[in-house]
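Visitor: The structure's right below; bear with me while I get my questions together.
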Amino acid sequence: QISRTQTHSLTRPLVIMAAYEVKTALLEKINAGTGLVGISKDLCEQHFALYKGYVANLNALRKELEEGRAAGASGPVVADRRRRFGFEYNGVVLHELFFENLVPGGQAMSADVAHMIEAQFGSVAAWEADFKACGATRSIGWAVLYMDPTTGALNNHFVQLHEDGNVAGFQPILIMDVWEHAYILDYGATGRPKYIDSVLKNIDWTVVETRIRNCAEGR
């Protein structure tokens with residue numbers, strides 16, 4: 001839902017969003033046909049419902065903070081809500097990026113992306129092993145392949161919760177959710193390694209390549 005448009009000195013008008021909207025096309029993509037390899041449609045639907053909750057909570061928190069600013073609110077409650085904003089906001093964004101970089105059966109990695117990964121990690125297999133190890137970190141959160149837009153370097157990072165470990169200015173290229181809710185229905189509480197194997201069978205490398213090119217071009 002777009003509330004209004006403001007003009008400014010940039011080449012196109014600044015669009016101000018009144019509220020975040022659930023991106024239903026993402027669920028349609030990952031559950032198309034027979035669905036993701038090794039990850040059930042039921043799990044995807046439940047996971048998507050949780051993402052919808054993050055969208056609702058983010059919109060409610062944005063409204064609360066805006067009303068608080070208008071009323072001149074201050075103090076520990078406001079400070080707590082400001083700290084919460086990063087959790088809710090990243091909970092939306094990371095889920096959207098994760099769903100977006102999945103497709104049933106996966107899409108092949110291009111030679112250009114493979115060459116870039118090989119230049120950083122020595123081989124695609126070495127990168128994959130490191131990404132799996134990142135996802136196996138003993139915590140709840142996300143494994144993220146980041147690109148440094150300044151140097152073009154690729155690095156695997158673990159983001160705890162949704163906000164602890166995000167690197168300012170780095171662009172997320174590939175996202176993997178490793179919270180328990182992402183796999184427990186299909187694999188049980190100890191099934192994260194098997195779930196990670198399944199995720200890697202469903203990576204949409206065309207999306208990853210688009211993100212790399214956008215980052216390189218400053219978009």
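Lettering and numbering for the structure tokens are positional, with chains as A, B, ... in the shown order, residues counted from 1 in each chain, and ligands counted from 1 in the shown order.
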Could you name the residues that touch region 22-32 of chain A at 12 Å or less, counting only C-alpha atoms, but leaving out those on the same chain fewer than 6 positions away, as a ChimeraX atom specification?
Guide: /A:1,38-59,92-93,95-106,199,202-204
Visitor: For Cys134 (chain A), find every residue with an atom within 10 Å (counting only C-alpha atoms), except residues of its own chain fewer than 6 positions away, and show them as a PyMOL selection string.
Guide: chain A and resi 128+142-145+156-159+176+178
Visitor: Kindly give the distance, in Å, that separates CA of His181 (chain A) and CA of Glu21 (chain A), rounded to a single decimal.
Guide: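 Those two atoms sit 21.9 Å apart.
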Visitor: Going by DSSP on the backbone, which residues of region 46-217 of chain A come out as helix (DSSP H, G or I)? List them as a PyMOL selection string.
Guide: chain A and resi 46-71+76-100+111-121+124-135+180-182+184-187+192-200+205-216
Visitor: Measure the distance from CA of Thr210 (chain A) to CA of Ala114 (chain A) in Å and round it to one decimal.
Guide: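 For CA of Thr210 (chain A) relative to CA of Ala114 (chain A), the distance reads 13.7 Å.
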Visitor: Counting only C-alpha atoms, which of A:Val37, A:Leu185, A:Ile196, A:Ile212 gets nearest to Ile117 (chain A)?
Guide: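 Residue with the minimum atom-to-atom distance to Ile117 (chain A): A:Ile212.
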Visitor: Record the distance separating CA of Ala108 (chain A) and CA of Ser123 (chain A), expressed in Å with one decimal.
Guide: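 Taking CA of Ala108 (chain A) as the start and CA of Ser123 (chain A) as the end point, the length is 15.8 Å.
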Visitor: Any idea what's packed within 12 Å of Val78 (chain A), counting only C-alpha atoms, ignoring anything in its chain fewer than 2 positions away? Could you give it as a compact mmCIF listing (two decimals) with N, CA, C and O atoms, in the first residue's frame?
Guide:
# COMPACT_ATOMS: atom_id res chain seq x y z
N LEU A 61 4.83 -2.06 14.70
CA LEU A 61 5.92 -1.36 15.39
C LEU A 61 6.23 -0.03 14.71
O LEU A 61 6.48 0.97 15.39
N ARG A 62 6.22 0.00 13.39
CA ARG A 62 6.44 1.27 12.68
C ARG A 62 5.38 2.29 13.07
O ARG A 62 5.67 3.46 13.28
N GLU A 64 3.61 2.30 15.85
CA GLU A 64 3.83 2.67 17.25
C GLU A 64 4.94 3.70 17.39
O GLU A 64 4.80 4.70 18.12
N LEU A 65 6.04 3.51 16.68
CA LEU A 65 7.15 4.46 16.75
C LEU A 65 6.77 5.81 16.15
O LEU A 65 7.14 6.86 16.69
N GLU A 66 6.04 5.78 15.04
CA GLU A 66 5.63 7.04 14.42
C GLU A 66 4.70 7.82 15.34
O GLU A 66 4.85 9.04 15.50
N GLU A 67 3.76 7.13 15.97
CA GLU A 67 2.84 7.80 16.89
C GLU A 67 3.59 8.32 18.12
O GLU A 67 3.28 9.40 18.64
N GLY A 68 4.59 7.55 18.56
CA GLY A 68 5.38 7.99 19.70
C GLY A 68 6.18 9.25 19.39
O GLY A 68 6.27 10.15 20.23
N ARG A 69 6.75 9.32 18.20
CA ARG A 69 7.49 10.54 17.81
C ARG A 69 6.56 11.74 17.77
O ARG A 69 6.90 12.84 18.24
N ALA A 71 3.93 12.21 19.46
CA ALA A 71 3.50 12.57 20.81
C ALA A 71 4.66 12.99 21.70
O ALA A 71 4.45 13.35 22.86
N GLY A 72 5.89 12.94 21.17
CA GLY A 72 7.05 13.31 21.96
C GLY A 72 7.42 12.30 23.01
O GLY A 72 8.02 12.64 24.04
N ALA A 73 7.08 11.04 22.78
CA ALA A 73 7.36 9.99 23.76
C ALA A 73 8.86 9.76 23.90
O ALA A 73 9.63 9.95 22.96
N SER A 74 9.27 9.36 25.10
CA SER A 74 10.68 9.07 25.36
C SER A 74 10.76 8.09 26.51
O SER A 74 9.75 7.66 27.06
N GLY A 75 12.00 7.73 26.88
CA GLY A 75 12.17 6.85 28.02
C GLY A 75 12.49 5.42 27.63
O GLY A 75 12.66 5.10 26.45
N PRO A 76 12.57 4.52 28.62
CA PRO A 76 13.02 3.15 28.37
C PRO A 76 12.12 2.34 27.46
O PRO A 76 12.58 1.48 26.74
N ASP A 80 13.41 0.57 24.10
CA ASP A 80 13.24 -0.86 23.85
C ASP A 80 12.60 -1.11 22.49
O ASP A 80 13.01 -2.02 21.76
N ARG A 81 11.62 -0.30 22.13
CA ARG A 81 10.94 -0.49 20.84
C ARG A 81 11.87 -0.16 19.68
O ARG A 81 11.82 -0.79 18.63
N ARG A 82 12.75 0.81 19.87
CA ARG A 82 13.74 1.12 18.83
C ARG A 82 14.69 -0.06 18.63
O ARG A 82 15.03 -0.42 17.50
N ARG A 83 15.12 -0.67 19.72
CA ARG A 83 16.00 -1.84 19.61
C ARG A 83 15.28 -3.00 18.93
O ARG A 83 15.89 -3.77 18.19
N ARG A 84 14.00 -3.12 19.17
CA ARG A 84 13.22 -4.22 18.59
C ARG A 84 13.05 -4.06 17.08
O ARG A 84 12.84 -5.04 16.38
N PHE A 85 13.17 -2.83 16.60
CA PHE A 85 12.89 -2.56 15.19
C PHE A 85 13.81 -3.38 14.28
O PHE A 85 13.36 -3.95 13.28
Visitor: Taking the backbone alone, and naming residues the way the document does, which bits of region 15-182 of chain A are strand (DSSP E) by DSSP, as a PyMOL selection string?
Guide: chain A and resi 15-17+141-147+154-160+171-177
Visitor: Region 161-172 of chain A: which residues within 8 Å, counting only C-alpha atoms, same-chain residues fewer than 3 positions away excluded, as an NGL selection string?
Guide: :A and (86-88 or 90-91 or 94 or 140-142 or 144-149 or 157-158 or 175 or 211 or 215)
